[in-house]
Amino acid sequence: MSDNSLALWFPQPPTKDPTVITSTDNPQIKEARKLQRRRQRHKSQSLLLEGVRLIRDALQSNAHIDTIFFAPDLVQANSGAQNLLAALMQHSIPCQPCTIEVFKSLTETQTPQGVAAITALPTLPLPNEATLVLILDQVRDPGNAGTLLRTAEAAGANFVIFGPDTVDPFNDKVVRAGMGAHFRLPLRICTDWSQIATLLPPSVTCYMAQADAKRVYDAIDWTAPAALVIGGEAAGASRDAYLHAAPLAIPMHGPVESLNAAVAGAVILFEASRQRRYA
């Protein structure tokens with residue numbers, strides 16, 4: 001749904017005027033701020049989102065939205081935020097105004113758009129059949145993890161596993177980099193490879209990106225059920241990953257040793273997508 005379509009449905013900015021929250025010590029704000037911590041997110045099964053795009057994606061995906069916080073002064077300068085807020089009010093979702101100072105305590109972005117939401121943690125069901133799975137193993141950089149999740153959705157992966165020693169998928173930076181993929185692509189968190197094995201169908205073959213591998217990524221038959229393992233940039237994948245996945249490489253020219261984890265994942269995932277498209 002575009003901002004323009006929202007404007008057609010809800011042409012007027014919101015007019016409700018409940019009491020504005022002016023203190024960062026407000027109980028609602030303090031509880032919302034706790035969701036910036038991983039432990040609290042998983043304990044409450046709730047997620048704090050900031051920004052028009054993410055909240056709109058959550059709304060379109062029928063995610064349960066509990067509360068909206070907004071800064072009227074910031075929303076006034078953003079037509080997209082105004083339209084979104086009107087849509088949320090139309091859905092009878094509680095919308096709580098607050099001062100800019102209070103709102104900024106809820107977000108880590110440099111230029112907030114003035115709208116934040118508390119939603120249920122996305123828990124999409126796994127598909128009955130999986131033929132392309134992405135596994136992140138020791139991927140600790142949140143930007144890379146979010147980009148890989150977004151890329152997996154674009155390439156047609158069935159689901160994504162956040163494996164051992166990988167950043168929390170609901171970390172604020174991961175969610176922003178995922179660009180809404182959290183609400184559309186199933187994901188699971190596994191702390192070890194024994195858990196990962198229970199999620200993969202027996203027909204799936206695991207491959208792992210490795211710079212010095214002898215086998216080349218585009219020589220693989222990606223039309224068969226497969227899982228791609230991407231390791232972290234600093235330490236690579238865990239030792240257990242090497243026991244479960246066959247290494248493959250992306251040929252490179254010059255003295256370059258390796259690619260960024262998100263770039264490597266994108267190259268291989270879209271090769272799989274290409275083969276499947278022409279199969």
# chains A, B, ... in the order shown; residues from 1 in each chain; ligands from 1

$ select_by_dssp --residues "range 17-237 of chain A" --states "helix (DSSP H, G or I)" --output "ChimeraX atom specification"
/A:27-34,38-44,52-60,72-75,79-90,100-104,142-155,172-178,181-183,193-199,217-219

$ residues_around --residues "range 136-147 of chain A" --least-positions-apart "2" --cutoff "9 Å" --atoms "only C-alpha atoms" --output "PyMOL selection string"
chain A and resi 134+149-152+160-169+171-179+181-182+228-238+241+260-263+266

$ select_by_dssp --residues "range 27-94 of chain A" --states "strand (DSSP E)" --output "list in words"
Ser46, Leu47, Leu48, Leu49, Glu50, Ile65, Asp66, Thr67, Ile68, Phe69 and Phe70 of chain A

$ closest_residue --among "A:Pro255, A:Pro225, A:Gly180, A:Gly51" --to "Lys104 in chain A" --atoms "only C-alpha atoms"
A:Gly51

$ closest_residue --among "A:Leu84, A:Val102, A:Ala154, A:Val75" --to "Gln28 in chain A" --atoms "only C-alpha atoms"
A:Val102

$ atom_distance --atom1 "CA of Ala213 in chain A" --atom2 "CA of Leu259 in chain A"
13.7 Å

$ closest_residue --among "A:Ala63, A:Ile55, A:Ile118, A:Leu148" --to "Gln36 in chain A" --atoms "only C-alpha atoms"
A:Ile118

$ closest_residue --among "A:Cys206, A:Val216, A:Ile250, A:Ala157" --to "Leu269 in chain A" --atoms "only C-alpha atoms"
A:Ala157

$ residues_around --residues "Ala211 in chain A" --least-positions-apart "4" --cutoff "10 Å" --atoms "only C-alpha atoms" --output "list in words"
Val216, Pro247, Leu248, Ala249, Ile250, Pro251, Met252, Val256, Glu257, Ser258, Leu259 and Ala264 of chain A

$ write_last_selection --atoms "N, CA, C and O atoms" --output "compact mmCIF listing (two decimals), in the first residue's frame"
# COMPACT_ATOMS: atom_id res chain seq x y z
N VAL A 216 32.68 -24.33 -7.19
CA VAL A 216 32.19 -22.99 -7.51
C VAL A 216 30.66 -22.94 -7.35
O VAL A 216 29.96 -23.88 -7.69
N PRO A 247 31.46 -26.91 1.31
CA PRO A 247 31.93 -25.56 0.97
C PRO A 247 31.85 -25.26 -0.52
O PRO A 247 32.01 -26.14 -1.36
N LEU A 248 31.59 -24.00 -0.83
CA LEU A 248 31.62 -23.55 -2.22
C LEU A 248 32.13 -22.11 -2.24
O LEU A 248 32.03 -21.39 -1.26
N ALA A 249 32.68 -21.71 -3.37
CA ALA A 249 33.33 -20.40 -3.47
C ALA A 249 32.74 -19.56 -4.58
O ALA A 249 32.14 -20.07 -5.53
N ILE A 250 32.93 -18.25 -4.44
CA ILE A 250 32.61 -17.29 -5.50
C ILE A 250 33.93 -16.86 -6.11
O ILE A 250 34.75 -16.22 -5.44
N PRO A 251 34.22 -17.21 -7.37
CA PRO A 251 35.51 -16.83 -7.97
C PRO A 251 35.66 -15.31 -8.02
O PRO A 251 34.72 -14.59 -8.33
N MET A 252 36.86 -14.84 -7.68
CA MET A 252 37.12 -13.41 -7.65
C MET A 252 38.44 -13.11 -8.34
O MET A 252 39.37 -13.92 -8.33
N VAL A 256 41.66 -9.70 -3.86
CA VAL A 256 40.56 -9.67 -2.89
C VAL A 256 40.41 -11.04 -2.25
O VAL A 256 40.31 -12.06 -2.94
N GLU A 257 40.38 -11.08 -0.92
CA GLU A 257 40.31 -12.35 -0.20
C GLU A 257 38.88 -12.86 -0.03
O GLU A 257 38.61 -14.06 -0.08
N SER A 258 37.96 -11.94 0.19
CA SER A 258 36.59 -12.36 0.44
C SER A 258 35.63 -11.21 0.19
O SER A 258 36.05 -10.05 0.05
N LEU A 259 34.34 -11.54 0.15
CA LEU A 259 33.29 -10.54 -0.02
C LEU A 259 32.60 -10.30 1.32
O LEU A 259 32.64 -11.13 2.22
N ALA A 264 28.02 -11.75 -0.48
CA ALA A 264 28.22 -13.15 -0.85
C ALA A 264 26.90 -13.90 -0.84
O ALA A 264 26.59 -14.68 -1.76

$ closest_residue --among "A:Ile65, A:Leu49, A:Leu199, A:Ala117" --to "Ser92 in chain A" --atoms "only C-alpha atoms"
A:Ile65

$ residues_around --residues "range 126-129 of chain A" --least-positions-apart "3" --cutoff "10 Å" --atoms "only C-alpha atoms" --output "VMD selection string"
chain A and resid 123 132 158 to 160 185 to 188 199 to 201 225

$ atom_distance --atom1 "CA of Gln45 in chain A" --atom2 "CA of Ser194 in chain A"
24.2 Å

$ residues_around --residues "Arg276 in chain A" --least-positions-apart "2" --cutoff "12 Å" --atoms "only C-alpha atoms" --output "PyMOL selection string"
chain A and resi 131-132+155-157+220-226+269-274+278-279

$ write_last_selection --atoms "C-alpha atoms" --output "PDB file, in the first residue's frame"
ATOM      1  CA  THR A 131      13.397 -26.112  -1.052  1.00  0.00           C
ATOM      2  CA  LEU A 132      15.597 -23.079  -0.326  1.00  0.00           C
ATOM      3  CA  ALA A 155      15.384 -14.455  -3.908  1.00  0.00           C
ATOM      4  CA  GLY A 156      12.481 -16.712  -2.966  1.00  0.00           C
ATOM      5  CA  ALA A 157      13.863 -18.486   0.109  1.00  0.00           C
ATOM      6  CA  ILE A 220      25.733 -26.359  -8.005  1.00  0.00           C
ATOM      7  CA  ASP A 221      22.303 -27.597  -9.055  1.00  0.00           C
ATOM      8  CA  TRP A 222      20.227 -25.122  -7.097  1.00  0.00           C
ATOM      9  CA  THR A 223      16.983 -26.496  -8.517  1.00  0.00           C
ATOM     10  CA  ALA A 224      17.282 -29.304  -5.966  1.00  0.00           C
ATOM     11  CA  PRO A 225      16.314 -28.664  -2.309  1.00  0.00           C
ATOM     12  CA  ALA A 226      19.182 -26.758  -0.689  1.00  0.00           C
ATOM     13  CA  LEU A 269      20.913 -16.753  -3.464  1.00  0.00           C
ATOM     14  CA  PHE A 270      20.192 -15.038  -6.755  1.00  0.00           C
ATOM     15  CA  GLU A 271      22.091 -17.705  -8.661  1.00  0.00           C
ATOM     16  CA  ALA A 272      19.729 -20.199  -7.034  1.00  0.00           C
ATOM     17  CA  SER A 273      16.807 -17.964  -7.978  1.00  0.00           C
ATOM     18  CA  ARG A 274      18.055 -17.692 -11.566  1.00  0.00           C
ATOM     19  CA  TYR A 278      14.709 -21.049 -15.906  1.00  0.00           C
ATOM     20  CA  ALA A 279      14.218 -24.647 -14.762  1.00  0.00           C
TER      21      ALA A 279
END

$ closest_residue --among "A:Arg184, A:Arg277, A:His253, A:Lys214" --to "Asp57 in chain A" --atoms "only C-alpha atoms"
A:Arg184

$ atom_distance --atom1 "CA of Val52 in chain A" --atom2 "CA of Gly265 in chain A"
27.7 Å
